[in-house]
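What follows is the content of coords-v4.cif, which has mmCIF, C-alpha atoms and all ligand atoms:
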```cif
data_upload
loop_
_atom_site.group_PDB
_atom_site.id
_atom_site.type_symbol
_atom_site.label_atom_id
_atom_site.label_comp_id
_atom_site.auth_asym_id
_atom_site.auth_seq_id
_atom_site.Cartn_x
_atom_site.Cartn_y
_atom_site.Cartn_z
ATOM 1 C CA MET A 141 -59.820 22.112 -41.110
ATOM 2 C CA PRO A 142 -58.271 24.220 -43.884
ATOM 3 C CA GLU A 143 -55.442 22.658 -45.857
ATOM 4 C CA TYR A 144 -52.320 24.781 -45.737
ATOM 5 C CA LYS A 145 -49.341 24.695 -48.067
ATOM 6 C CA LEU A 146 -46.376 26.961 -47.426
ATOM 7 C CA SER A 147 -44.069 27.283 -50.434
ATOM 8 C CA TYR A 148 -40.582 28.700 -50.106
ATOM 9 C CA LEU A 149 -36.955 27.838 -50.696
ATOM 10 C CA PRO A 150 -34.869 25.480 -48.579
ATOM 11 C CA LEU A 151 -34.047 28.429 -46.314
ATOM 12 C CA ARG A 152 -35.542 29.805 -43.096
ATOM 13 C CA TYR A 153 -35.396 33.572 -43.770
ATOM 14 C CA LEU A 154 -38.888 34.796 -44.870
ATOM 15 C CA ALA A 155 -40.770 31.550 -44.203
ATOM 16 C CA GLU A 156 -39.509 30.314 -40.861
ATOM 17 C CA PRO A 157 -41.783 32.430 -38.646
ATOM 18 C CA ALA A 158 -44.765 30.837 -40.449
ATOM 19 C CA ARG A 159 -43.278 27.350 -39.996
ATOM 20 C CA LEU A 160 -42.782 28.062 -36.281
ATOM 21 C CA ILE A 161 -46.355 29.332 -35.929
ATOM 22 C CA PHE A 162 -47.641 26.073 -37.465
ATOM 23 C CA HIS A 163 -45.458 23.934 -35.219
ATOM 24 C CA TYR A 164 -46.296 25.968 -32.111
ATOM 25 C CA ALA A 165 -50.029 25.653 -32.849
ATOM 26 C CA GLN A 166 -49.531 21.962 -33.737
ATOM 27 C CA GLU A 167 -51.346 22.489 -37.023
ATOM 28 C CA GLU A 168 -50.618 20.342 -40.050
ATOM 29 C CA PHE A 169 -49.246 22.020 -43.139
ATOM 30 C CA GLU A 170 -47.322 21.092 -46.247
ATOM 31 C CA ASP A 171 -43.850 22.556 -46.025
ATOM 32 C CA GLU A 172 -42.995 22.814 -49.718
ATOM 33 C CA GLN A 173 -39.308 23.659 -50.245
ATOM 34 C CA LEU A 174 -38.616 24.328 -53.894
ATOM 35 C CA GLY A 175 -35.456 23.791 -55.899
ATOM 36 C CA PHE A 176 -34.291 26.421 -58.360
ATOM 37 C CA ASP A 177 -36.205 25.168 -61.450
ATOM 38 C CA GLU A 178 -39.446 24.630 -59.563
ATOM 39 C CA TRP A 179 -39.003 28.016 -57.916
ATOM 40 C CA GLU A 180 -38.784 29.749 -61.276
ATOM 41 C CA SER A 181 -42.066 28.195 -62.449
ATOM 42 C CA VAL A 182 -43.972 28.624 -59.153
ATOM 43 C CA LYS A 183 -42.907 32.287 -59.108
ATOM 44 C CA GLN A 184 -44.853 32.898 -62.307
ATOM 45 C CA THR A 185 -48.050 31.690 -60.614
ATOM 46 C CA SER A 186 -47.596 33.547 -57.337
ATOM 47 C CA PRO A 187 -49.452 36.864 -56.991
ATOM 48 C CA PHE A 188 -46.303 39.002 -56.596
ATOM 49 C CA ASN A 189 -43.852 36.727 -58.427
ATOM 50 C CA THR A 190 -42.144 36.106 -55.106
ATOM 51 C CA LEU A 191 -41.991 33.536 -52.332
ATOM 52 C CA PRO A 192 -43.049 32.703 -49.652
ATOM 53 C CA LEU A 193 -46.530 31.773 -50.706
ATOM 54 C CA LEU A 194 -49.294 30.379 -48.502
ATOM 55 C CA THR A 195 -51.973 28.397 -50.343
ATOM 56 C CA ILE A 196 -55.163 27.634 -48.446
ATOM 57 C CA ASN A 197 -57.398 24.751 -49.555
ATOM 58 C CA GLY A 198 -55.571 24.557 -52.859
ATOM 59 C CA LYS A 199 -56.846 27.896 -54.138
ATOM 60 C CA THR A 200 -56.606 31.013 -51.966
ATOM 61 C CA GLN A 201 -53.082 32.430 -52.052
ATOM 62 C CA ILE A 202 -51.381 34.873 -49.703
ATOM 63 C CA GLY A 203 -48.176 36.129 -51.258
ATOM 64 C CA GLN A 204 -46.522 38.507 -48.782
ATOM 65 C CA SER A 205 -44.598 37.093 -45.857
ATOM 66 C CA MET A 206 -45.737 39.631 -43.253
ATOM 67 C CA THR A 207 -49.376 39.091 -44.197
ATOM 68 C CA ILE A 208 -48.880 35.319 -44.015
ATOM 69 C CA PHE A 209 -47.533 35.673 -40.469
ATOM 70 C CA ARG A 210 -50.360 37.966 -39.395
ATOM 71 C CA TYR A 211 -53.010 35.764 -40.960
ATOM 72 C CA LEU A 212 -51.698 32.602 -39.286
ATOM 73 C CA ALA A 213 -51.198 34.424 -35.991
ATOM 74 C CA LYS A 214 -54.858 35.427 -36.068
ATOM 75 C CA GLN A 215 -55.968 31.881 -36.836
ATOM 76 C CA PHE A 216 -53.957 30.404 -33.975
ATOM 77 C CA GLY A 217 -54.186 33.091 -31.280
ATOM 78 C CA LEU A 218 -50.686 34.527 -31.622
ATOM 79 C CA ASP A 219 -51.694 38.114 -32.407
ATOM 80 C CA GLY A 220 -51.693 39.614 -28.909
ATOM 81 C CA GLY A 221 -54.386 39.813 -26.284
ATOM 82 C CA THR A 222 -56.161 42.965 -27.512
ATOM 83 C CA ASP A 223 -56.382 45.152 -30.626
ATOM 84 C CA LEU A 224 -53.988 47.594 -28.989
ATOM 85 C CA GLU A 225 -51.481 44.859 -28.264
ATOM 86 C CA ASP A 226 -51.873 43.677 -31.852
ATOM 87 C CA ALA A 227 -51.038 47.229 -32.997
ATOM 88 C CA HIS A 228 -48.049 47.336 -30.648
ATOM 89 C CA ILE A 229 -46.507 44.115 -31.964
ATOM 90 C CA ASN A 230 -47.220 45.145 -35.555
ATOM 91 C CA CYS A 231 -45.262 48.360 -34.996
ATOM 92 C CA ILE A 232 -42.337 46.322 -33.693
ATOM 93 C CA ALA A 233 -42.560 43.939 -36.655
ATOM 94 C CA GLU A 234 -42.692 46.764 -39.222
ATOM 95 C CA TYR A 235 -39.741 48.467 -37.608
ATOM 96 C CA PHE A 236 -37.760 45.226 -37.595
ATOM 97 C CA ARG A 237 -38.668 44.534 -41.214
ATOM 98 C CA GLU A 238 -37.337 47.997 -42.128
ATOM 99 C CA MET A 239 -34.017 46.897 -40.668
ATOM 100 C CA MET A 240 -34.132 43.611 -42.568
ATOM 101 C CA GLU A 241 -34.539 45.467 -45.853
ATOM 102 C CA LYS A 242 -31.503 47.646 -45.105
ATOM 103 C CA ALA A 243 -29.452 44.542 -44.320
ATOM 104 C CA ARG A 244 -30.792 42.527 -47.241
ATOM 105 C CA PRO A 245 -27.948 43.047 -49.735
ATOM 106 C CA PHE A 246 -25.753 41.197 -47.232
ATOM 107 C CA VAL A 247 -28.241 38.315 -46.975
ATOM 108 C CA ARG A 248 -28.380 38.072 -50.782
ATOM 109 C CA PHE A 249 -24.607 38.042 -50.928
ATOM 110 C CA TRP A 250 -24.351 35.359 -48.230
ATOM 111 C CA ASN A 251 -26.885 33.089 -49.943
ATOM 112 C CA ARG A 252 -25.658 33.570 -53.485
ATOM 113 C CA GLY A 253 -23.474 30.435 -53.463
ATOM 114 C CA ILE A 254 -26.504 28.383 -52.410
ATOM 115 C CA VAL A 255 -28.634 29.841 -55.181
ATOM 116 C CA GLU A 256 -25.911 29.271 -57.787
ATOM 117 C CA LYS A 257 -25.629 25.658 -56.644
ATOM 118 C CA ASN A 258 -29.370 25.149 -56.994
ATOM 119 C CA PHE A 259 -30.007 25.420 -53.259
ATOM 120 C CA GLU A 260 -27.624 22.742 -52.153
ATOM 121 C CA GLN A 261 -25.909 23.660 -48.929
ATOM 122 C CA ASN A 262 -22.975 25.919 -49.661
ATOM 123 C CA ASP A 263 -20.072 24.545 -47.698
ATOM 124 C CA GLU A 264 -17.607 27.120 -48.921
ATOM 125 C CA GLU A 265 -17.117 30.164 -46.761
ATOM 126 C CA PRO A 266 -18.053 33.313 -48.672
ATOM 127 C CA GLU A 267 -14.803 34.973 -49.848
ATOM 128 C CA PHE A 268 -13.665 36.684 -46.729
ATOM 129 C CA PRO A 269 -12.808 40.305 -47.637
ATOM 130 C CA LEU A 270 -15.993 40.593 -49.699
ATOM 131 C CA ALA A 271 -18.138 39.112 -46.935
ATOM 132 C CA VAL A 272 -16.637 41.536 -44.404
ATOM 133 C CA GLN A 273 -17.180 44.428 -46.771
ATOM 134 C CA GLN A 274 -20.850 43.516 -47.267
ATOM 135 C CA LEU A 275 -21.319 43.020 -43.552
ATOM 136 C CA LYS A 276 -19.826 46.430 -42.751
ATOM 137 C CA LEU A 277 -21.811 48.115 -45.492
ATOM 138 C CA TYR A 278 -25.252 46.646 -44.830
ATOM 139 C CA LEU A 279 -25.780 44.280 -41.931
ATOM 140 C CA GLU A 280 -23.771 45.948 -39.202
ATOM 141 C CA PRO A 281 -25.092 49.522 -39.569
ATOM 142 C CA ALA A 282 -28.671 48.244 -39.739
ATOM 143 C CA VAL A 283 -28.246 46.114 -36.618
ATOM 144 C CA ARG A 284 -26.528 48.941 -34.723
ATOM 145 C CA GLU A 285 -29.283 51.393 -35.570
ATOM 146 C CA TYR A 286 -32.310 49.170 -34.899
ATOM 147 C CA PHE A 287 -31.389 46.622 -32.235
ATOM 148 C CA PRO A 288 -31.128 49.079 -29.295
ATOM 149 C CA VAL A 289 -34.685 50.284 -29.945
ATOM 150 C CA ILE A 290 -35.930 46.693 -30.190
ATOM 151 C CA ILE A 291 -34.173 45.852 -26.913
ATOM 152 C CA ASP A 292 -35.778 48.845 -25.159
ATOM 153 C CA LEU A 293 -39.183 47.635 -26.299
ATOM 154 C CA LEU A 294 -38.464 44.132 -25.031
ATOM 155 C CA LYS A 295 -37.336 45.495 -21.657
ATOM 156 C CA LYS A 296 -40.584 47.468 -21.290
ATOM 157 C CA SER A 297 -42.687 44.327 -21.721
ATOM 158 C CA LYS A 298 -44.176 42.707 -18.625
ATOM 159 C CA SER A 299 -43.431 39.245 -20.020
ATOM 160 C CA ASP A 300 -40.350 37.534 -21.515
ATOM 161 C CA PHE A 301 -41.815 38.322 -24.935
ATOM 162 C CA PHE A 302 -42.610 41.535 -26.834
ATOM 163 C CA ALA A 303 -46.264 41.613 -25.775
ATOM 164 C CA ASP A 304 -47.254 41.975 -22.112
ATOM 165 C CA SER A 305 -49.687 39.082 -22.478
ATOM 166 C CA GLY A 306 -47.021 36.611 -23.631
ATOM 167 C CA ILE A 307 -45.799 35.013 -26.837
ATOM 168 C CA THR A 308 -46.933 36.308 -30.255
ATOM 169 C CA TRP A 309 -45.799 35.798 -33.851
ATOM 170 C CA VAL A 310 -43.380 38.720 -33.527
ATOM 171 C CA ASP A 311 -41.293 36.681 -31.096
ATOM 172 C CA PHE A 312 -40.839 34.023 -33.783
ATOM 173 C CA PHE A 313 -40.113 36.665 -36.392
ATOM 174 C CA ILE A 314 -37.389 38.460 -34.420
ATOM 175 C CA SER A 315 -35.831 35.445 -32.703
ATOM 176 C CA GLU A 316 -35.272 33.680 -36.038
ATOM 177 C CA TYR A 317 -33.381 36.647 -37.430
ATOM 178 C CA VAL A 318 -31.273 36.932 -34.280
ATOM 179 C CA ASP A 319 -30.498 33.231 -34.602
ATOM 180 C CA SER A 320 -29.306 33.783 -38.177
ATOM 181 C CA LEU A 321 -27.207 36.733 -37.066
ATOM 182 C CA LYS A 322 -25.516 34.390 -34.593
ATOM 183 C CA ASN A 323 -24.590 32.132 -37.528
ATOM 184 C CA VAL A 324 -23.166 34.770 -39.840
ATOM 185 C CA ALA A 325 -21.811 37.445 -37.488
ATOM 186 C CA PRO A 326 -21.386 35.931 -34.003
ATOM 187 C CA GLU A 327 -19.242 38.788 -32.669
ATOM 188 C CA LEU A 328 -21.910 41.289 -33.636
ATOM 189 C CA ALA A 329 -24.724 39.155 -32.191
ATOM 190 C CA GLU A 330 -22.859 38.825 -28.868
ATOM 191 C CA GLN A 331 -23.188 42.564 -28.369
ATOM 192 C CA TYR A 332 -26.951 42.159 -27.920
ATOM 193 C CA PRO A 333 -27.287 39.609 -25.070
ATOM 194 C CA GLU A 334 -30.903 40.577 -24.370
ATOM 195 C CA LEU A 335 -31.949 39.475 -27.849
ATOM 196 C CA LEU A 336 -29.842 36.313 -27.656
ATOM 197 C CA GLU A 337 -31.597 35.458 -24.386
ATOM 198 C CA HIS A 338 -34.993 36.191 -25.944
ATOM 199 C CA SER A 339 -34.137 33.931 -28.882
ATOM 200 C CA LYS A 340 -33.066 31.191 -26.468
ATOM 201 C CA ILE A 341 -36.371 31.446 -24.570
ATOM 202 C CA VAL A 342 -38.406 31.269 -27.794
ATOM 203 C CA HIS A 343 -36.379 28.331 -29.086
ATOM 204 C CA SER A 344 -36.881 26.424 -25.845
ATOM 205 C CA ILE A 345 -40.674 26.342 -26.119
ATOM 206 C CA PRO A 346 -41.675 22.656 -25.742
ATOM 207 C CA GLN A 347 -44.018 22.559 -28.787
ATOM 208 C CA LEU A 348 -41.099 23.527 -31.051
ATOM 209 C CA GLN A 349 -38.532 20.981 -29.881
ATOM 210 C CA ASN A 350 -39.261 18.127 -32.310
ATOM 211 C CA TYR A 351 -39.139 20.478 -35.255
ATOM 212 C CA LEU A 352 -36.062 22.388 -34.118
ATOM 213 C CA GLU A 353 -34.154 19.166 -33.548
ATOM 214 C CA SER A 354 -34.988 17.821 -36.995
ATOM 215 C CA ARG A 355 -34.747 20.889 -39.211
ATOM 216 C CA LYS A 356 -31.770 21.125 -41.539
ATOM 217 C CA HIS A 357 -29.222 23.787 -40.650
ATOM 218 C CA THR A 358 -29.170 26.831 -42.897
ATOM 219 C CA ASP A 359 -27.370 30.041 -41.966
ATOM 220 C CA TRP A 360 -30.434 32.077 -42.967
HETATM 221 N N1 LIG B 401 -42.197 41.537 -49.755
HETATM 222 C C1 LIG B 401 -42.049 40.142 -50.088
HETATM 223 C C2 LIG B 401 -40.640 39.872 -50.560
HETATM 224 C C3 LIG B 401 -40.437 38.423 -50.904
HETATM 225 C C4 LIG B 401 -39.140 38.158 -51.621
HETATM 226 O O1 LIG B 401 -38.415 39.078 -52.026
HETATM 227 N N2 LIG B 401 -38.844 36.881 -51.795
HETATM 228 C C5 LIG B 401 -37.684 36.477 -52.564
HETATM 229 C C6 LIG B 401 -37.127 35.183 -52.025
HETATM 230 S S1 LIG B 401 -36.485 35.400 -50.385
HETATM 231 C C7 LIG B 401 -38.134 36.279 -53.981
HETATM 232 O O2 LIG B 401 -39.044 35.526 -54.215
HETATM 233 N N3 LIG B 401 -37.523 37.012 -54.917
HETATM 234 C C8 LIG B 401 -37.892 36.939 -56.297
HETATM 235 C C9 LIG B 401 -36.740 36.630 -57.193
HETATM 236 O O3 LIG B 401 -35.642 36.434 -56.692
HETATM 237 O O4 LIG B 401 -36.960 36.547 -58.385
HETATM 238 C C10 LIG B 401 -42.407 39.273 -48.884
HETATM 239 O O5 LIG B 401 -42.115 39.696 -47.756
HETATM 240 O O6 LIG B 401 -42.968 38.181 -49.060
#
```
Represent the structure from my file as structure tokens, please.
Ligand SMILES: N[C@@H](CCC(=O)N[C@@H](CS)C(=O)NCC(=O)O)C(=O)O
Amino acid sequence: MPEYKLSYLPLRYLAEPARLIFHYAQEEFEDEQLGFDEWESVKQTSPFNTLPLLTINGKTQIGQSMTIFRYLAKQFGLDGGTDLEDAHINCIAEYFREMMEKARPFVRFWNRGIVEKNFEQNDEEPEFPLAVQQLKLYLEPAVREYFPVIIDLLKKSKSDFFADSGITWVDFFISEYVDSLKNVAPELAEQYPELLEHSKIVHSIPQLQNYLESRKHTDW
């Protein structure tokens, strides 16, 4: 059995789909969540100076989140039933990631208090007018442009998930983001009931329950 270590921050954002894949597949892994000082030093050793980072058997490193998800999905049978289905879910994932990048200045803004406080939970609400401004500038237009297309794709699937054959890593990827949207912009999230329902279905998978009940709440 390979030894896996997933290094990230005490957030869900770019690491949570990998954590969910591990828990779904019931595979052991080290869930390394780094504080600010450790993060700075680990960054220097990671191939792209970024996190998340997956280390396999203490030496091989995969340093891009989407590649980590795809790699793990392949190992644990969450990459679709056929090569064509794999291509289909990858298109959906790339499209969704495009949206995430457009919305990212808002995510950075939302998490900045946590980063300044060395990753301790930020109990203060972000200053309201600024938060609304960032939401209107980045998150909301991205969601409004991309979510309808994502919903159409979900509706065309023959299963409750994005692939006709059933659950794949892309369901973890998208449902986690939708869950975060519910935390930071509930009124916006409510306008996309199909994705809320999808997220609910993914988060009710039995293999995930122990983890979901015990994980610490973070907005992202
Ligand atoms: N394309 C990369 C982006 C990773 C990324 O930007 N990670 C952030 C943390 S969420 C980071 O490490 N930023 C470097 C920094 O802040 O110095 C991926 O998907 O893994």
Practice task
Taking the file as shown, find all residues satisfying the PyMOL selection byres (((not hetatm)) within 9 of (chain B and resi 401)) and write them as a PyMOL selection string.
Solution key: chain A and resi 148-149+151+153-155+179-180+183+188-193+203-208+237+248
Exercise for the section: Output the residue selection produced by the PyMOL selection byres (((chain A and resi 337) around 12) and not hetatm) on the file above, formatted as a PyMOL selection string. Expected result: chain A and resi 291+294-295+300-301+311+314-315+318-319+322+329-336+338-344
Practice task
For CA of Val310 (chain A) and CA of Trp360 (chain A), determine how far apart the two atoms are, in Å to one decimal place.
Solution key: 17.3 Å
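Residues selected in this file by the PyMOL selection byres (((chain A and resi 245) around 12) and not hetatm) comprise A:Met239, A:Met240, A:Glu241, A:Lys242, A:Ala243, A:Arg244, A:Phe246, A:Val247, A:Arg248, A:Phe249, A:Trp250, A:Asn251, A:Arg252, A:Ala271, A:Gln273, A:Gln274, A:Leu275, A:Lys276, A:Leu277, A:Tyr278, A:Leu279, A:Glu280, A:Ala282.
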Practice task
Tell me, in Å to one decimal, how far CA of Ile161 (chain A) is from CA of Gly220 (chain A).
Solution key: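 Going from CA of Ile161 (chain A) over to CA of Gly220 (chain A) covers 13.5 Å.
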Practice task
Could you check how far CA of Gln215 (chain A) sits from CA of Phe169 (chain A), in Å to one decimal?
Solution key: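 Atom-to-atom, CA of Gln215 (chain A) and CA of Phe169 (chain A) are spaced 13.5 Å apart.
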Handout entry: Who sits within 10 Å of Leu160 (chain A), all atoms listed in the file, same chain under 6 positions skipped, as a list in words
Key =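 Listed by chain and then number, they are Gln166, Phe209, Trp309, Phe312, Phe313, Glu316, His343, Gln347, Leu348, Tyr351 and Leu352 of chain A.
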Which residues are close to Met141 (chain A), i.e. within 10 Å by only C-alpha atoms, leaving aside same-chain residues fewer than 2 positions away? Reply as a short mmCIF file (atom, residue, chain, number, x, y, z; two decimals) with C-alpha atoms, keeping the file's coordinate frame.
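Full text of out-v7.cif as output:
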```
data_model
loop_
_atom_site.label_atom_id
_atom_site.label_comp_id
_atom_site.auth_asym_id
_atom_site.auth_seq_id
_atom_site.Cartn_x
_atom_site.Cartn_y
_atom_site.Cartn_z
CA GLU A 143 -55.44 22.66 -45.86
CA TYR A 144 -52.32 24.78 -45.74
CA GLU A 167 -51.35 22.49 -37.02
CA GLU A 168 -50.62 20.34 -40.05
CA ASN A 197 -57.40 24.75 -49.56
#
```
Exercise for the section: Could you check which of A:Arg284, A:Lys214, A:His357, A:Lys298 is closest to Arg152 (chain A), using all atoms listed in the file? Expected result: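 The closest residue to Arg152 (chain A) is A:His357.
Nearest to Ile202 (chain A) of all the residues A:Ser186, A:Ile307, A:Leu174, A:Asp226 is A:Ser186, based on all atoms listed in the file.
Distances to Gln201 (chain A) were evaluated for A:Lys296, A:His163, A:Arg355, A:Lys145 using all atoms listed in the file, and the minimum falls at A:Lys145.
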